[in-house]
Amino acid sequence: MTASQPGQPVLSVRDLKVSTMGRRPAEILKGISFDIAPGETLCLVGESGSGKSVTSLVTMDLLPRGELQVTGGTAALNGEDIVSASPARTKALRGAEMAMIFQEPMTALNPVLTIGLQMDEIYRAHTKMRGPDRRSAALAAFDSVSLPDPARIYDSYPHQLSGGQRQRVMIAMALALKPKLLIADEPTTALDVTTQKQILQLIRKLQEEQNTAVLFITHDMGVVVDIADRVCVMRHGEVVETGTTGEVLSQPREQYTRDLLAAVPSLTPRRARAQERHEHVLELLEVEKVFEFRSFLSKLLRRPGHRVRAVKDVSFRLDRGRTLGIVGESGSGKSTVARCVLRLEDPTSGAILVNGHDIAPLEGQTALAPARRAVQMIFQDPNRSLNPRLTAGDSLIEGALNAGEPRAEALARAGELLEVVGLPRDALTRYPHQFSGGQRQRIAIARALMMSPDVIVADEAVSALDVSVQAQVLDLLAEVQARRNLAILFITHDLRVAAQICDDVMVMQRGEVVEFGPAGQVLSDPQHDYTRALLEAAPGRDWDFAKGRRITEPA
Amino acid sequence: MLSYFLRRLLMAIPVMFFVAVFVFLLLRLTPGDPAQAIAGDQASLAQLEAIRESLGLNEPLSVQFVTWIGQMLQGDFGRSLISDRPVLEMIGQRLGPTLALALVAMAMTLLIALPMGVLAAWRHGGMTDRLVMAVSVIGFSVPIFVIGYVLIGVFAVHLRWFPVQGYKALADGIGPFAHRIFLPGLALASIYIALISRMTRASMLEVLREDYVRTARAKGLPEGLVLFRHALRNAAIPILTVVGTGFAMMISGVVVTETVFNIPGLGRLVVDAVLARDYPLIQAIILLTAGTYVLINLAIDLSYALTDPRIRYQ
């Protein structure tokens, strides 16, 4: 039935078309075709909305019912068409012959069921194995993805594991029955770089052992360099270019591919900007933040709680017109520093000087008001940081109204600022859902500028954006900074972004600053092991996207 | 888990204390002389004095309160002013039918409403969904006594499947018990079926969009497992909340059903007590009801922890 002939592709997609359902159907996939051979990794790359994920859902027969439908073409797994197969048949294939790993390991596992049960279900659904055999198979599978203490993992709930561990569990589940095809939809996007590197290596290793065909979906060109054999570049539901990884990355035929590659920020730091005057606008002196968790019982018994030092002894100076990058992985304390600077969090000790005044001991909104004006923030996800029920105009003027500015005056300024960030003035009356992600982040920047701040804190401000949009938003930030002589505190996990926009870089690990210096020095000649590990884990670090060739000597 | 349970249990103590204070003051704050209110208009001075003495109304308020609480902690809730029987005994006799009715109604609710809600969410927008929604509108809008009489008319009078009225305790055998409790149970359940099927549908619609439901389908699991094991357990918390408060409301809201089906339960005792101004009985019933609410809330909190492991460790 599914016996594959030699030379036959594991997955063969031909002229596949998918449309939305409803009164005005829109075509999401406009007839795409590709093959994947056994043991091969095909990367689907493209920006959000290009149809990569829909392609994978068709293959798994998991299209959301009532929303999307296949209108033409075939997707054959070992010669058997999935599109025309019965639901019972595709259900039997799912999890056994083809399996999938999803983007968010945090939400892809059921939070109320143990890991063991969720693993056990696969064996129960597809095999006739007996209980003890299923358990030992599960433990062996956990062991093969290098999970520590498989027996403990088996009895754990998802929230007791780290993101990396959860993704390993997902991989163990996907590969439990040695499927012919593995679909990985952005499997490492939500993970730290060092974890990402390990997961990519793991997928590679297991793929080689089992000769699995892998359909790998990503928007990250660096990941493509590290994992793909062949690449399909997708745009607006079409495959614009396809070829081996070397061909597509070195000699892209299409302009779109060239633009996509050009938008990838280089890991080589840009040249430091000349600095004329040293004028500190923000200075942190030995800032510490300790979180304390005490259970009700401990409070009752006056037992000490569980203390976590999220930020230890952080000091830095930020001058007008300069950009300081704080880089580090999740849990390194970089966001806590940002929240302390904004006094959204109260530092446990230390001083935070904004324009020379220590704001750390201040209490109450009135006392903090001048600092609140001087330091403004841009958040990571513009889809969630703008109130969906307020127009762009109302979001922009909220702070100004609060500071006592008349509404008409504030609205006029908001209109001007929208033009500064490259949006039409009439955008004032529109709601967030009427803008794209990049436009929303422009609104967020305009909102920060409304208060004429001295410092802007940007917490992962471009992480949720596509590379081409990312480049535009970074350009905008640089332009605004130059024009207004702003200081920017830029928090990111992405070393490529840090290399392109920061003058100075501070590397944090577990709440401590491990390395601090000019970007050129820290990123090209790292002194600390952790900085080196971060740089080595950066995906595609040995590829020069600007020149389209492998870097022989690592920078 | 233990800490979670202890914290919830400790939180019940102040609630019960405030209820007790309220109930105590209820009698003392009655306009005029409570003894007069109790004894009625034709009482003699000697009778009034005797009542004051027996209730300790001549003591300071604080002393009265402490004595009263002390008595109750020893299980002495006083005697009925009308029948002179111990209040606790009177309630005990009536508790059985009411509890049985409420439990049967809740079981029926869950058996009918959960599958209805899950199916409606699964077939969102389809015929099943519309049918379920229509049934729930009926359940909401038609009063219980109408539903009760319609059920009696159709199933007892016309079809003769069930008796028209009456109650038999479970001790008299499961057959007679089930035979008599079925119609009143269904009548009482109707509004809760409407409420909980809607709640289940809404909660399931949220959860069915979650990534882990997609993961479950991607593993090739049968749809039944996806819906009832993966989705329903995650959708459970808002449903449990409504089930719990619904159950509490049921216990105090059985009066109509008990009257329609002539069941000697607590609901009718309350009506009789209020009409007769039987204060000790009213006090005991309020305390008992409040205690039940607190216990049910405790049970809801515990059920949260049992369905969602993340709550256990907070």
# chains A, B, ... in the order shown; residues from 1 in each chain; ligands from 1
>>> interface_residues(of="chain B", to="chain A", cutoff="8 Å", atoms="only C-alpha atoms", output="PyMOL selection string")
chain B and resi 3+7+210-215+217-222+230+233-234+307-310+314
>>> residues_around(residues="range 509-516 of chain A", least_positions_apart="2", cutoff="6 Å", atoms="only C-alpha atoms", output="ChimeraX atom specification")
/A:310-312,332-333,505-507
>>> write_last_selection(atoms="N, CA, C and O atoms", output="short mmCIF file (atom, residue, chain, number, x, y, z; two decimals), in the first residue's frame")
data_model
loop_
_atom_site.label_atom_id
_atom_site.label_comp_id
_atom_site.auth_asym_id
_atom_site.auth_seq_id
_atom_site.Cartn_x
_atom_site.Cartn_y
_atom_site.Cartn_z
N ALA A 310 16.87 37.92 39.75
CA ALA A 310 16.66 38.02 38.31
C ALA A 310 17.70 38.93 37.67
O ALA A 310 18.10 38.72 36.53
N VAL A 311 18.12 39.93 38.43
CA VAL A 311 19.13 40.87 37.93
C VAL A 311 20.14 41.10 39.03
O VAL A 311 19.78 41.42 40.16
N LYS A 312 21.43 40.88 38.69
CA LYS A 312 22.47 41.03 39.71
C LYS A 312 23.45 42.12 39.29
O LYS A 312 24.11 41.97 38.26
N SER A 332 17.58 35.49 31.00
CA SER A 332 18.86 36.11 31.33
C SER A 332 18.66 37.40 32.13
O SER A 332 19.61 37.95 32.65
N GLY A 333 17.44 37.89 32.21
CA GLY A 333 17.18 39.09 33.00
C GLY A 333 17.14 40.36 32.18
O GLY A 333 16.99 41.45 32.73
N VAL A 505 27.31 46.80 23.25
CA VAL A 505 26.54 45.59 23.51
C VAL A 505 26.85 45.08 24.91
O VAL A 505 28.00 45.09 25.35
N MET A 506 25.79 44.69 25.61
CA MET A 506 25.94 44.11 26.93
C MET A 506 25.36 42.71 26.85
O MET A 506 24.21 42.53 26.44
N VAL A 507 26.15 41.70 27.20
CA VAL A 507 25.67 40.33 27.14
C VAL A 507 25.28 39.88 28.53
O VAL A 507 26.07 40.00 29.47
#
>>> residues_around(residues="Gln165 in chain B", least_positions_apart="4", cutoff="9 Å", atoms="only C-alpha atoms", output="ChimeraX atom specification")
/B:152,156,180,184,260-263
>>> write_last_selection(atoms="N, CA and C atoms", output="PDB file, in the first residue's frame")
ATOM      1  N   ILE B 152     -45.444  16.343  33.287  1.00  0.00           N
ATOM      2  CA  ILE B 152     -46.479  15.530  33.941  1.00  0.00           C
ATOM      3  C   ILE B 152     -47.586  15.212  32.941  1.00  0.00           C
ATOM      4  N   ALA B 156     -46.788  11.484  32.417  1.00  0.00           N
ATOM      5  CA  ALA B 156     -47.510  10.837  33.518  1.00  0.00           C
ATOM      6  C   ALA B 156     -48.983  10.647  33.191  1.00  0.00           C
ATOM      7  N   ARG B 180     -39.875   7.674  40.489  1.00  0.00           N
ATOM      8  CA  ARG B 180     -40.545   8.893  40.945  1.00  0.00           C
ATOM      9  C   ARG B 180     -39.685  10.153  40.779  1.00  0.00           C
ATOM     10  N   PRO B 184     -39.351  15.010  38.093  1.00  0.00           N
ATOM     11  CA  PRO B 184     -38.921  16.241  38.788  1.00  0.00           C
ATOM     12  C   PRO B 184     -37.455  16.566  38.518  1.00  0.00           C
ATOM     13  N   VAL B 260     -44.555  21.440  42.712  1.00  0.00           N
ATOM     14  CA  VAL B 260     -45.233  20.860  41.551  1.00  0.00           C
ATOM     15  C   VAL B 260     -45.352  19.345  41.691  1.00  0.00           C
ATOM     16  N   PHE B 261     -44.272  18.701  42.165  1.00  0.00           N
ATOM     17  CA  PHE B 261     -44.248  17.240  42.212  1.00  0.00           C
ATOM     18  C   PHE B 261     -44.552  16.697  43.607  1.00  0.00           C
ATOM     19  N   ASN B 262     -44.955  17.588  44.524  1.00  0.00           N
ATOM     20  CA  ASN B 262     -45.352  17.179  45.864  1.00  0.00           C
ATOM     21  C   ASN B 262     -44.272  16.349  46.558  1.00  0.00           C
ATOM     22  N   ILE B 263     -43.078  16.893  46.637  1.00  0.00           N
ATOM     23  CA  ILE B 263     -41.970  16.191  47.284  1.00  0.00           C
ATOM     24  C   ILE B 263     -41.705  16.847  48.636  1.00  0.00           C
TER      25      ILE B 263
END
>>> residues_around(residues="range 445-453 of chain A", least_positions_apart="2", cutoff="8 Å", atoms="only C-alpha atoms", output="PyMOL selection string")
chain A and resi 373-378+395-397+399-400+413-414+417-418+420-421+441-443+455-456+477+486
>>> atom_distance(atom1="CA of Phe5 in chain B", atom2="CA of Arg302 in chain A")
18.8 Å
>>> decode(residues="range 158-282 of chain B", atoms="C-alpha atoms", output="compact mmCIF listing (two decimals), in the first residue's frame")
# COMPACT_ATOMS: atom_id res chain seq x y z
CA HIS B 158 -51.01 10.85 28.82
CA LEU B 159 -48.37 8.15 28.36
CA ARG B 160 -48.58 6.88 31.96
CA TRP B 161 -44.85 6.08 32.03
CA PHE B 162 -44.25 7.84 35.34
CA PRO B 163 -46.34 8.64 38.43
CA VAL B 164 -47.80 12.15 38.59
CA GLN B 165 -46.39 13.09 41.99
CA GLY B 166 -44.74 11.75 45.11
CA TYR B 167 -41.38 10.67 46.44
CA LYS B 168 -39.81 7.43 47.60
CA ALA B 169 -36.46 7.36 49.38
CA LEU B 170 -33.55 5.46 47.90
CA ALA B 171 -33.79 3.14 50.90
CA ASP B 172 -37.13 1.88 49.52
CA GLY B 173 -35.38 0.44 46.51
CA ILE B 174 -33.71 1.94 43.46
CA GLY B 175 -36.62 1.16 41.11
CA PRO B 176 -39.37 3.10 42.93
CA PHE B 177 -36.88 5.90 43.70
CA ALA B 178 -35.78 6.34 40.09
CA HIS B 179 -39.34 6.01 38.82
CA ARG B 180 -40.54 8.89 40.95
CA ILE B 181 -37.52 11.18 40.78
CA PHE B 182 -37.07 11.12 37.00
CA LEU B 183 -39.63 13.75 35.98
CA PRO B 184 -38.92 16.24 38.79
CA GLY B 185 -35.20 15.76 38.15
CA LEU B 186 -35.62 16.54 34.48
CA ALA B 187 -37.81 19.55 35.19
CA LEU B 188 -35.30 20.97 37.64
CA ALA B 189 -32.41 20.18 35.27
CA SER B 190 -33.94 21.94 32.26
CA ILE B 191 -32.54 25.40 32.93
CA TYR B 192 -29.15 24.02 33.94
CA ILE B 193 -29.00 21.92 30.78
CA ALA B 194 -29.55 25.11 28.82
CA LEU B 195 -26.92 27.00 30.81
CA ILE B 196 -24.24 24.32 30.88
CA SER B 197 -24.60 23.22 27.26
CA ARG B 198 -24.05 26.82 26.19
CA MET B 199 -21.11 27.22 28.54
CA THR B 200 -19.59 23.95 27.28
CA ARG B 201 -20.03 25.02 23.68
CA ALA B 202 -18.41 28.42 24.22
CA SER B 203 -15.52 26.99 26.21
CA MET B 204 -14.96 24.17 23.71
CA LEU B 205 -14.94 26.60 20.79
CA GLU B 206 -12.02 28.42 22.45
CA VAL B 207 -10.12 25.23 23.21
CA LEU B 208 -10.65 23.61 19.80
CA ARG B 209 -8.52 26.39 18.32
CA GLU B 210 -5.58 25.56 20.59
CA ASP B 211 -2.33 24.14 19.25
CA TYR B 212 -2.49 20.98 21.35
CA VAL B 213 -5.79 20.01 19.74
CA ARG B 214 -4.05 20.24 16.38
CA THR B 215 -1.19 18.17 17.82
CA ALA B 216 -3.67 15.52 18.97
CA ARG B 217 -5.16 15.34 15.48
CA ALA B 218 -1.68 15.29 13.94
CA LYS B 219 -0.98 12.15 15.98
CA GLY B 220 -3.87 10.45 14.19
CA LEU B 221 -6.05 10.07 17.29
CA PRO B 222 -9.74 9.17 16.95
CA GLU B 223 -11.92 12.28 17.03
CA GLY B 224 -13.66 11.13 20.22
CA LEU B 225 -10.38 11.17 22.14
CA VAL B 226 -9.46 14.54 20.66
CA LEU B 227 -12.77 16.02 21.81
CA PHE B 228 -13.33 14.43 25.18
CA ARG B 229 -9.82 13.80 26.47
CA HIS B 230 -7.80 16.61 24.93
CA ALA B 231 -10.32 19.40 24.49
CA LEU B 232 -13.00 18.89 27.15
CA ARG B 233 -10.58 18.63 30.06
CA ASN B 234 -9.04 21.92 29.08
CA ALA B 235 -12.45 23.49 28.62
CA ALA B 236 -13.53 22.20 32.03
CA ILE B 237 -12.71 25.10 34.35
CA PRO B 238 -15.43 27.55 33.30
CA ILE B 239 -17.85 24.62 33.04
CA LEU B 240 -17.01 23.44 36.56
CA THR B 241 -17.59 26.95 37.89
CA VAL B 242 -21.07 27.01 36.44
CA VAL B 243 -21.79 23.45 37.57
CA GLY B 244 -20.80 24.36 41.13
CA THR B 245 -22.77 27.58 41.40
CA GLY B 246 -25.62 25.91 39.55
CA PHE B 247 -25.70 23.11 42.10
CA ALA B 248 -25.74 25.60 44.96
CA MET B 249 -28.56 27.52 43.30
CA MET B 250 -30.39 24.27 42.74
CA ILE B 251 -30.45 23.40 46.43
CA SER B 252 -32.05 26.70 47.34
CA GLY B 253 -34.19 26.79 44.23
CA VAL B 254 -36.03 23.51 44.48
CA VAL B 255 -39.17 25.03 46.01
CA VAL B 256 -41.11 25.20 42.76
CA THR B 257 -40.20 21.71 41.65
CA GLU B 258 -40.97 20.27 45.09
CA THR B 259 -44.33 21.96 45.08
CA VAL B 260 -45.23 20.86 41.55
CA PHE B 261 -44.25 17.24 42.21
CA ASN B 262 -45.35 17.18 45.86
CA ILE B 263 -41.97 16.19 47.28
CA PRO B 264 -41.49 16.66 51.06
CA GLY B 265 -38.16 18.47 50.76
CA LEU B 266 -36.27 21.36 52.27
CA GLY B 267 -37.72 23.91 49.88
CA ARG B 268 -41.20 23.51 51.30
CA LEU B 269 -39.87 23.56 54.85
CA VAL B 270 -38.32 26.96 54.10
CA VAL B 271 -41.59 28.33 52.79
CA ASP B 272 -43.46 27.04 55.82
CA ALA B 273 -40.84 28.41 58.22
CA VAL B 274 -40.84 31.86 56.65
CA LEU B 275 -44.62 32.09 56.58
CA ALA B 276 -44.78 31.05 60.26
CA ARG B 277 -41.84 33.29 61.27
CA ASP B 278 -40.18 30.28 62.88
CA TYR B 279 -36.89 32.11 63.58
CA PRO B 280 -34.73 29.28 64.93
CA LEU B 281 -35.68 27.18 61.93
CA ILE B 282 -34.95 30.03 59.50
